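Everything on this sheet refers to the single structure shown next.
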Amino acid sequence: MKKKQSYTIRIMIRLCLLIILFMQSTPLISHGVNQASAQPTTWEDRLYLYQQISQVFQLPWSYLAAIDQFERTMRKPDELQKSAGFVAIQFPAHLWSGILNPNPNDTNPGTIGFYTGIGRDGSGDEIADPNDDVDLLYTMASYLSQYGWMKDDFRLALWRYYQNEKIVEIITEFAVIYDKYQRLDLFDNQFPIPAHFNYSYKNTWGAPRGWGGRRIHEGTDIFAGYGTPIRSTCYGYVESMGWNRFGGWRIGVRDLNNHYHYFAHLSGFNKEIKEGQIVEPGEILGYVGSSGYGKPGTQGKFPPHLHYGIYKYTMKGEWSFDPYPHLRKWERQMFQKKKR
Ligand SMILES: [Zn+2]
């Protein structure tokens, strides 16, 4: 990509964009208000906005989408529903207006600039509004563009902003997922065992377990024969793969809800899949086994089964929640599809 595009062209693109955004601003806002749904706009509307604003700064749109989606997973659903637009990015007031700005709620682009605040007016109404979707994305894109458009530039910008290595990792993973599919609606799920294989499971959440000290059972065990295929339950990024003392041969996939899907005790992996790769619902990850509870290669200490868990990332760490209701739902959907 050529970094040095002529100044005139950039200004013209910006002007065109402002006109387009201005013409669009009414429907965008009216879509956004008073909607019970967590998706007040269509996927196409969102994608269009990410793309338009990224173009102004010559950034990949996946960067903006990834940051926005990460922020969405960090906020409470009721809080998201109350906000006027769909963008979940929030800037601390002092960062938006400038640390020395006597008015922390300043929306005047002139004084914000004077106090070196980050807040920008992207919608062309002369107001840098921290509750306006366009201004928020425009401000984030403007911040990112100071670092450059390459992957390493993006990582550095994220590190400076969040000061947290795990968050940098998750957001760059999201960006890779968006880059691959070039769309935003990537939330489909799939039951991990194909319908025509024998399997059984029940709700074992929180049950005590025997090995490795006082731990409770964080997941659901799906019993099936050795070699039964295990499929990805989601679109996601393969964050870890290999041996782990408890899980044996295991694979962990992070989806765009910031859920880490954990598949353990495998007998082997799908050879096509590597760490750092993107997988999709139904794609075979590996095969049921009884590995784990010891040093690498240990197996047969319990009947073969898939241990499946879901962990949600929070600022305080990864928290497991009960996957059983999800499994039941995905299983129902699998058999409904089969009947049709
Ligand atoms: Zn288990």
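Within each chain, counting starts at residue 1; across the structure tokens, chains are named A, B, ... in the order shown, with ligands numbered 1 upward in that order.
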For ligand 1, return the neighbouring residues as a VMD selection string (distance at most 10 Å; only C-alpha atoms and all ligand atoms).
chain A and resid 204 to 205 207 209 216 to 223 246 to 247 263 to 265 305 to 309
How would the residues just chosen look if you wrote them out with N, CA and C atoms as a compact mmCIF listing (two decimals), in the first residue's frame?
# COMPACT_ATOMS: atom_id res chain seq x y z
N THR A 204 -23.21 -31.86 34.07
CA THR A 204 -22.29 -32.18 35.16
C THR A 204 -21.60 -30.93 35.70
N TRP A 205 -22.18 -29.78 35.42
CA TRP A 205 -21.57 -28.52 35.83
C TRP A 205 -21.34 -28.48 37.34
N ALA A 207 -19.75 -30.38 39.33
CA ALA A 207 -19.53 -31.62 40.08
C ALA A 207 -18.08 -31.71 40.51
N ARG A 209 -14.41 -33.32 41.06
CA ARG A 209 -13.70 -34.34 40.30
C ARG A 209 -12.44 -34.79 41.01
N ILE A 216 -13.60 -27.91 40.76
CA ILE A 216 -14.91 -28.39 40.35
C ILE A 216 -14.90 -28.59 38.85
N HIS A 217 -15.87 -29.31 38.35
CA HIS A 217 -15.93 -29.63 36.94
C HIS A 217 -16.44 -28.43 36.15
N GLU A 218 -15.56 -27.84 35.33
CA GLU A 218 -15.93 -26.65 34.58
C GLU A 218 -16.23 -27.01 33.12
N GLY A 219 -17.35 -27.65 32.91
CA GLY A 219 -17.69 -27.99 31.54
C GLY A 219 -18.66 -29.15 31.48
N THR A 220 -18.86 -29.64 30.26
CA THR A 220 -19.75 -30.78 30.04
C THR A 220 -18.94 -31.89 29.39
N ASP A 221 -19.11 -33.12 29.88
CA ASP A 221 -18.46 -34.28 29.27
C ASP A 221 -19.42 -34.93 28.28
N ILE A 222 -18.97 -35.06 27.05
CA ILE A 222 -19.78 -35.75 26.05
C ILE A 222 -19.08 -37.08 25.76
N PHE A 223 -19.73 -38.16 26.18
CA PHE A 223 -19.13 -39.49 26.01
C PHE A 223 -19.40 -40.00 24.60
N PHE A 246 -4.03 -31.36 32.51
CA PHE A 246 -5.39 -31.83 32.82
C PHE A 246 -6.12 -32.25 31.55
N GLY A 247 -6.03 -31.41 30.54
CA GLY A 247 -6.87 -31.61 29.34
C GLY A 247 -6.29 -32.59 28.34
N PHE A 263 -11.75 -27.67 24.07
CA PHE A 263 -12.03 -29.07 23.73
C PHE A 263 -10.87 -29.92 24.26
N ALA A 264 -11.16 -30.85 25.17
CA ALA A 264 -10.06 -31.58 25.81
C ALA A 264 -10.19 -33.10 25.71
N HIS A 265 -9.07 -33.76 26.02
CA HIS A 265 -8.91 -35.23 26.05
C HIS A 265 -8.91 -35.86 24.66
N HIS A 305 -14.02 -39.43 26.16
CA HIS A 305 -15.08 -38.42 26.07
C HIS A 305 -14.48 -37.09 25.64
N LEU A 306 -15.33 -36.22 25.17
CA LEU A 306 -14.93 -34.84 24.90
C LEU A 306 -15.29 -34.02 26.12
N HIS A 307 -14.31 -33.37 26.70
CA HIS A 307 -14.62 -32.38 27.73
C HIS A 307 -14.73 -31.05 27.01
N TYR A 308 -15.91 -30.43 27.12
CA TYR A 308 -16.15 -29.16 26.43
C TYR A 308 -16.47 -28.07 27.45
N GLY A 309 -15.72 -26.98 27.41
CA GLY A 309 -15.95 -25.87 28.33
C GLY A 309 -15.99 -24.55 27.57
As a list in words, please: all residues of segment 20-235 of chain A that backbone DSSP puts in strand (DSSP E).
Tyr199, Ser200, Tyr201, Thr220, Asp221, Ile222, Phe223, Ala224, Pro229, Ile230 and Arg231 of chain A
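Counting only C-alpha atoms and comparing A:Glu280, A:His261, A:Ile230, A:Phe197, the residue that lies closest to Trp319 of chain A is A:His261.
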Quick one: everything within 9 Å of Arg155 of chain A, counting only C-alpha atoms, minus sequence neighbours fewer than 5 positions away in the same chain. Send it as an MDAnalysis selection string.
chainID A and resid 150 160 168:169 171:172
Got a sec: who's within 12 Å of Val253 of chain A, counting only C-alpha atoms, leaving out chain neighbours fewer than 6 positions off, as a ChimeraX atom specification?
/A:170,173-174,177,231-241,259-264,273-281,283,285,308-312
Any chance you could list, as number ranges by chain, the residues in segment 3-251 of chain A that come up alpha helix (DSSP H) when DSSP is run on the backbone?
A: 7-32, 43-56, 61-74, 77-82, 93-97, 109-114, 133-145, 151-162, 165-181
